[in-house]
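This is coords.pdb (PDB, C-alpha atoms, pLDDT in the B column).
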ATOM      1  CA  GLN A   1     -19.940  -4.432   7.770  1.00 90.00           C
ATOM      2  CA  VAL A   2     -21.475  -1.157   8.899  1.00 93.00           C
ATOM      3  CA  GLN A   3     -23.117   1.512   6.787  1.00 95.00           C
ATOM      4  CA  LEU A   4     -23.405   5.115   7.968  1.00 96.00           C
ATOM      5  CA  VAL A   5     -25.815   7.522   6.294  1.00 95.00           C
ATOM      6  CA  GLU A   6     -25.488  11.200   7.190  1.00 95.00           C
ATOM      7  CA  SER A   7     -27.931  14.036   6.660  1.00 94.00           C
ATOM      8  CA  GLY A   8     -28.541  17.605   7.750  1.00 95.00           C
ATOM      9  CA  GLY A   9     -25.641  19.621   6.385  1.00 93.00           C
ATOM     10  CA  GLY A  10     -26.065  22.885   4.528  1.00 96.00           C
ATOM     11  CA  LEU A  11     -25.487  26.612   4.483  1.00 97.00           C
ATOM     12  CA  VAL A  12     -26.242  28.686   7.558  1.00 97.00           C
ATOM     13  CA  GLN A  13     -25.473  32.232   8.674  1.00 98.00           C
ATOM     14  CA  PRO A  14     -23.131  32.904  11.596  1.00 98.00           C
ATOM     15  CA  GLY A  15     -24.998  32.471  14.852  1.00 98.00           C
ATOM     16  CA  GLY A  16     -27.401  30.006  13.301  1.00 98.00           C
ATOM     17  CA  SER A  17     -28.085  26.344  14.037  1.00 98.00           C
ATOM     18  CA  LEU A  18     -27.971  23.031  12.202  1.00 98.00           C
ATOM     19  CA  ARG A  19     -28.677  19.467  13.232  1.00 98.00           C
ATOM     20  CA  LEU A  20     -26.760  16.569  11.741  1.00 98.00           C
ATOM     21  CA  SER A  21     -28.015  12.991  11.812  1.00 98.00           C
ATOM     22  CA  CYS A  22     -26.222   9.724  11.150  1.00 97.00           C
ATOM     23  CA  ALA A  23     -28.015   6.405  10.921  1.00 96.00           C
ATOM     24  CA  ALA A  24     -25.997   3.219  11.293  1.00 95.00           C
ATOM     25  CA  SER A  25     -26.928  -0.205  10.004  1.00 92.00           C
ATOM     26  CA  GLY A  26     -25.209  -3.571   9.924  1.00 90.00           C
ATOM     27  CA  SER A  27     -22.925  -5.122  12.519  1.00 87.00           C
ATOM     28  CA  THR A  28     -22.696  -2.134  14.866  1.00 85.00           C
ATOM     29  CA  GLY A  29     -21.932  -4.275  17.914  1.00 85.00           C
ATOM     30  CA  SER A  30     -23.522  -4.371  21.356  1.00 83.00           C
ATOM     31  CA  SER A  31     -21.120  -1.633  22.493  1.00 86.00           C
ATOM     32  CA  ASN A  32     -19.815   1.128  20.306  1.00 91.00           C
ATOM     33  CA  ALA A  33     -18.897   4.779  20.138  1.00 95.00           C
ATOM     34  CA  MET A  34     -20.430   7.025  17.523  1.00 96.00           C
ATOM     35  CA  GLY A  35     -19.353  10.506  16.771  1.00 97.00           C
ATOM     36  CA  TRP A  36     -18.534  13.321  14.431  1.00 98.00           C
ATOM     37  CA  TYR A  37     -15.253  14.511  12.996  1.00 98.00           C
ATOM     38  CA  ARG A  38     -14.686  17.386  10.609  1.00 98.00           C
ATOM     39  CA  GLN A  39     -12.174  18.411   8.009  1.00 98.00           C
ATOM     40  CA  ALA A  40     -11.729  21.867   6.544  1.00 96.00           C
ATOM     41  CA  PRO A  41      -9.733  22.403   3.334  1.00 92.00           C
ATOM     42  CA  GLY A  42      -5.994  22.111   3.935  1.00 94.00           C
ATOM     43  CA  THR A  43      -6.397  20.749   7.459  1.00 96.00           C
ATOM     44  CA  GLN A  44      -6.397  17.360   9.133  1.00 97.00           C
ATOM     45  CA  ARG A  45      -9.570  15.649  10.181  1.00 97.00           C
ATOM     46  CA  GLU A  46     -10.364  16.528  13.789  1.00 97.00           C
ATOM     47  CA  LEU A  47     -12.642  15.282  16.523  1.00 98.00           C
ATOM     48  CA  VAL A  48     -15.856  17.209  17.103  1.00 98.00           C
ATOM     49  CA  ALA A  49     -17.743  14.997  19.553  1.00 98.00           C
ATOM     50  CA  THR A  50     -18.310  11.356  20.412  1.00 98.00           C
ATOM     51  CA  ILE A  51     -20.827   9.413  22.478  1.00 97.00           C
ATOM     52  CA  THR A  52     -20.701   5.794  23.582  1.00 95.00           C
ATOM     53  CA  SER A  53     -23.639   3.438  23.644  1.00 92.00           C
ATOM     54  CA  GLY A  54     -23.533   3.927  27.427  1.00 93.00           C
ATOM     55  CA  GLY A  55     -23.961   7.677  27.023  1.00 94.00           C
ATOM     56  CA  THR A  56     -20.448   8.926  27.786  1.00 96.00           C
ATOM     57  CA  THR A  57     -19.694  12.031  25.739  1.00 97.00           C
ATOM     58  CA  ASN A  58     -16.514  13.788  24.671  1.00 97.00           C
ATOM     59  CA  TYR A  59     -16.237  17.178  22.964  1.00 98.00           C
ATOM     60  CA  ALA A  60     -13.533  19.198  21.315  1.00 98.00           C
ATOM     61  CA  ASP A  61     -12.809  22.345  23.320  1.00 98.00           C
ATOM     62  CA  SER A  62     -13.731  24.484  20.318  1.00 97.00           C
ATOM     63  CA  VAL A  63     -17.358  23.285  20.347  1.00 98.00           C
ATOM     64  CA  LYS A  64     -18.068  22.882  24.065  1.00 98.00           C
ATOM     65  CA  GLY A  65     -21.136  24.841  25.083  1.00 97.00           C
ATOM     66  CA  ARG A  66     -22.303  25.217  21.473  1.00 98.00           C
ATOM     67  CA  PHE A  67     -22.676  21.665  20.156  1.00 98.00           C
ATOM     68  CA  THR A  68     -24.579  18.782  21.720  1.00 98.00           C
ATOM     69  CA  ILE A  69     -24.215  15.151  20.708  1.00 98.00           C
ATOM     70  CA  SER A  70     -26.937  12.623  21.440  1.00 97.00           C
ATOM     71  CA  ARG A  71     -28.005   9.206  20.247  1.00 96.00           C
ATOM     72  CA  ASP A  72     -30.964   6.910  19.943  1.00 94.00           C
ATOM     73  CA  ASN A  73     -29.665   3.412  20.631  1.00 91.00           C
ATOM     74  CA  ALA A  74     -32.864   1.744  19.469  1.00 91.00           C
ATOM     75  CA  GLU A  75     -32.507   3.447  16.075  1.00 91.00           C
ATOM     76  CA  ASN A  76     -28.670   3.308  15.955  1.00 92.00           C
ATOM     77  CA  THR A  77     -28.708   6.996  15.176  1.00 96.00           C
ATOM     78  CA  VAL A  78     -26.458   9.769  16.416  1.00 97.00           C
ATOM     79  CA  TYR A  79     -27.278  13.470  16.279  1.00 98.00           C
ATOM     80  CA  LEU A  80     -25.189  16.608  16.472  1.00 98.00           C
ATOM     81  CA  GLN A  81     -27.057  19.780  17.398  1.00 98.00           C
ATOM     82  CA  MET A  82     -24.898  22.729  16.417  1.00 98.00           C
ATOM     83  CA  ASN A  83     -25.800  26.153  17.798  1.00 98.00           C
ATOM     84  CA  SER A  84     -24.077  29.531  17.650  1.00 98.00           C
ATOM     85  CA  LEU A  85     -22.263  28.463  14.515  1.00 98.00           C
ATOM     86  CA  LYS A  86     -19.138  30.334  13.483  1.00 98.00           C
ATOM     87  CA  PRO A  87     -17.416  30.621  10.093  1.00 97.00           C
ATOM     88  CA  GLU A  88     -14.580  28.497  11.481  1.00 97.00           C
ATOM     89  CA  ASP A  89     -17.042  25.614  11.888  1.00 98.00           C
ATOM     90  CA  THR A  90     -17.174  25.361   8.105  1.00 98.00           C
ATOM     91  CA  ALA A  91     -15.999  21.887   7.105  1.00 98.00           C
ATOM     92  CA  VAL A  92     -17.048  18.504   5.844  1.00 98.00           C
ATOM     93  CA  TYR A  93     -18.475  16.622   8.810  1.00 98.00           C
ATOM     94  CA  TYR A  94     -17.957  12.862   8.926  1.00 98.00           C
ATOM     95  CA  CYS A  95     -19.887  10.366  11.001  1.00 98.00           C
ATOM     96  CA  ASN A  96     -17.779   7.715  12.704  1.00 97.00           C
ATOM     97  CA  LEU A  97     -18.550   4.442  14.440  1.00 96.00           C
ATOM     98  CA  ARG A  98     -16.038   2.433  16.466  1.00 95.00           C
ATOM     99  CA  ARG A  99     -17.004  -1.000  17.693  1.00 92.00           C
ATOM    100  CA  LEU A 100     -15.949  -1.465  21.309  1.00 89.00           C
ATOM    101  CA  VAL A 101     -16.366  -5.241  21.097  1.00 87.00           C
ATOM    102  CA  PHE A 102     -14.478  -7.688  18.928  1.00 87.00           C
ATOM    103  CA  PRO A 103     -13.802  -7.056  16.109  1.00 89.00           C
ATOM    104  CA  ARG A 104     -12.882  -3.494  17.037  1.00 90.00           C
ATOM    105  CA  ASN A 105     -13.405  -2.045  13.577  1.00 93.00           C
ATOM    106  CA  GLU A 106     -13.974   1.575  12.671  1.00 95.00           C
ATOM    107  CA  TYR A 107     -16.271   2.946   9.990  1.00 96.00           C
ATOM    108  CA  TRP A 108     -16.816   6.316   8.328  1.00 97.00           C
ATOM    109  CA  GLY A 109     -19.710   7.995   6.582  1.00 96.00           C
ATOM    110  CA  GLN A 110     -19.399   9.772   3.263  1.00 96.00           C
ATOM    111  CA  GLY A 111     -19.383  13.240   4.828  1.00 96.00           C
ATOM    112  CA  THR A 112     -21.778  16.176   4.747  1.00 97.00           C
ATOM    113  CA  GLN A 113     -20.814  19.782   4.048  1.00 97.00           C
ATOM    114  CA  VAL A 114     -21.506  22.459   6.642  1.00 98.00           C
ATOM    115  CA  THR A 115     -20.903  26.033   5.518  1.00 98.00           C
ATOM    116  CA  VAL A 116     -21.251  28.981   7.885  1.00 98.00           C
ATOM    117  CA  SER A 117     -21.277  32.213   5.946  1.00 97.00           C
ATOM    118  CA  SER A 118     -23.205  35.442   5.626  1.00 95.00           C
TER     119      SER A 118
END

Just give me the structure as structure tokens.
Amino acid sequence: QVQLVESGGGLVQPGGSLRLSCAASGSTGSSNAMGWYRQAPGTQRELVATITSGGTTNYADSVKGRFTISRDNAENTVYLQMNSLKPEDTAVYYCNLRRLVFPRNEYWGQGTQVTVSS
């Protein structure tokens, strides 16, 4: 089993910044991908950004140039630095971990609210 604990959400004004953190514990596997997804009311959950344990990153087009994902493999922690936030970034942000080695399970955090509003 894997546990994911998120922190760092909150209320911020448009143009502001927030940093999300997600710490993983348990059977994370020697190779995995960690990332962030978000879900706004009435919409489907969507990819924000992912990063593999080897450092390969992937971003949604809507956040490229504004968000940066990084990780500390020794601490099994992934970060999402969000700059130039827009009201449309408002959503619940979920941490995700996918094991890339057998068993290829997937795990989700409980979610953290990010609200961008003046």

Neighbouring residues of A:Thr56 were defined as those with any atom within 12 Å, considering all atoms listed in the file; residues of the same chain fewer than 6 positions away were excluded. Please report them as a PDB file with C-alpha atoms, keeping the file's coordinate frame.
ATOM      1  CA  SER A  31     -21.120  -1.633  22.493  1.00 86.00           C
ATOM      2  CA  ASN A  32     -19.815   1.128  20.306  1.00 91.00           C
ATOM      3  CA  ALA A  33     -18.897   4.779  20.138  1.00 95.00           C
ATOM      4  CA  MET A  34     -20.430   7.025  17.523  1.00 96.00           C
ATOM      5  CA  GLY A  35     -19.353  10.506  16.771  1.00 97.00           C
ATOM      6  CA  ALA A  49     -17.743  14.997  19.553  1.00 98.00           C
ATOM      7  CA  THR A  50     -18.310  11.356  20.412  1.00 98.00           C
ATOM      8  CA  ILE A  69     -24.215  15.151  20.708  1.00 98.00           C
ATOM      9  CA  SER A  70     -26.937  12.623  21.440  1.00 97.00           C
ATOM     10  CA  ARG A  71     -28.005   9.206  20.247  1.00 96.00           C
TER      11      ARG A  71
END

Per residue of stretch 11-64 of chain A within 12 Å of stretch 108-116 of chain A, which atom pair is closest and at what distance in Å (one decimal), using only C-alpha atoms, listed by chain and increasing number, as a tab-separated table?
residue	atom	partner	partner_atom	distance
A:Leu11	CA	A:Thr115	CA	4.7
A:Val12	CA	A:Val116	CA	5.0
A:Gln13	CA	A:Val116	CA	5.4
A:Pro14	CA	A:Val116	CA	5.7
A:Gly15	CA	A:Val116	CA	8.6
A:Gly16	CA	A:Val116	CA	8.3
A:Ser17	CA	A:Val116	CA	9.6
A:Leu18	CA	A:Val114	CA	8.5
A:Arg19	CA	A:Val114	CA	10.2
A:Leu20	CA	A:Thr112	CA	8.6
A:Ser21	CA	A:Thr112	CA	9.9
A:Cys22	CA	A:Gly109	CA	8.1
A:Ala23	CA	A:Gly109	CA	9.5
A:Ala24	CA	A:Gly109	CA	9.2
A:Ser25	CA	A:Gly109	CA	11.4
A:Met34	CA	A:Trp108	CA	9.9
A:Gly35	CA	A:Trp108	CA	9.8
A:Trp36	CA	A:Trp108	CA	9.4
A:Tyr37	CA	A:Gly111	CA	9.2
A:Arg38	CA	A:Gly111	CA	8.5
A:Gln39	CA	A:Gly111	CA	9.4
A:Ala40	CA	A:Gln113	CA	9.6
A:Pro41	CA	A:Gln113	CA	11.4
A:Arg45	CA	A:Gly111	CA	11.4

Counting all atoms listed in the file, I want the residues whose atoms come within 12 Å of (-31.6, -0.9, 18.8) in the file frame, returned as a list in words.
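Residues found, by chain and rising number: Ala23, Ala24, Ser25, Gly26, Ser27, Thr28, Gly29, Ser30, Ser31, Ser53, Arg71, Asp72, Asn73, Ala74, Glu75, Asn76 and Thr77 of chain A.
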
Just give me the gap between atom CA of A:Asn105 and atom CA of A:Gln1 in Å, one decimal is fine.
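About the pair atom CA of A:Asn105 and atom CA of A:Gln1: they are 9.1 Å apart.
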
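Take atom CA of A:Met82 and atom CA of A:Asn96: the distance between them is 17.0 Å.
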
Atom CA of A:Pro87 to atom CA of A:Ser7: how many Å, to one decimal?
19.9 Å

When distances are computed from only C-alpha atoms, which of A:Leu47, A:Arg98, A:Glu106, A:Glu6 shows the smallest separation from A:Ser62?
A:Leu47

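Proximity of A:Ser118, A:Leu100, A:Gly8, A:Ala60 to A:Gln81, computed with only C-alpha atoms, is greatest for A:Gly8.
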
Shortest contact to A:Val63, candidates A:Leu85, A:Arg104, A:Gly10, A:Leu97, atoms counted all atoms listed in the file, goes to A:Leu85

Counting all atoms listed in the file, the option among A:Ser117, A:Arg66, A:Tyr107, A:Gly9 closest to A:Tyr93:
A:Gly9
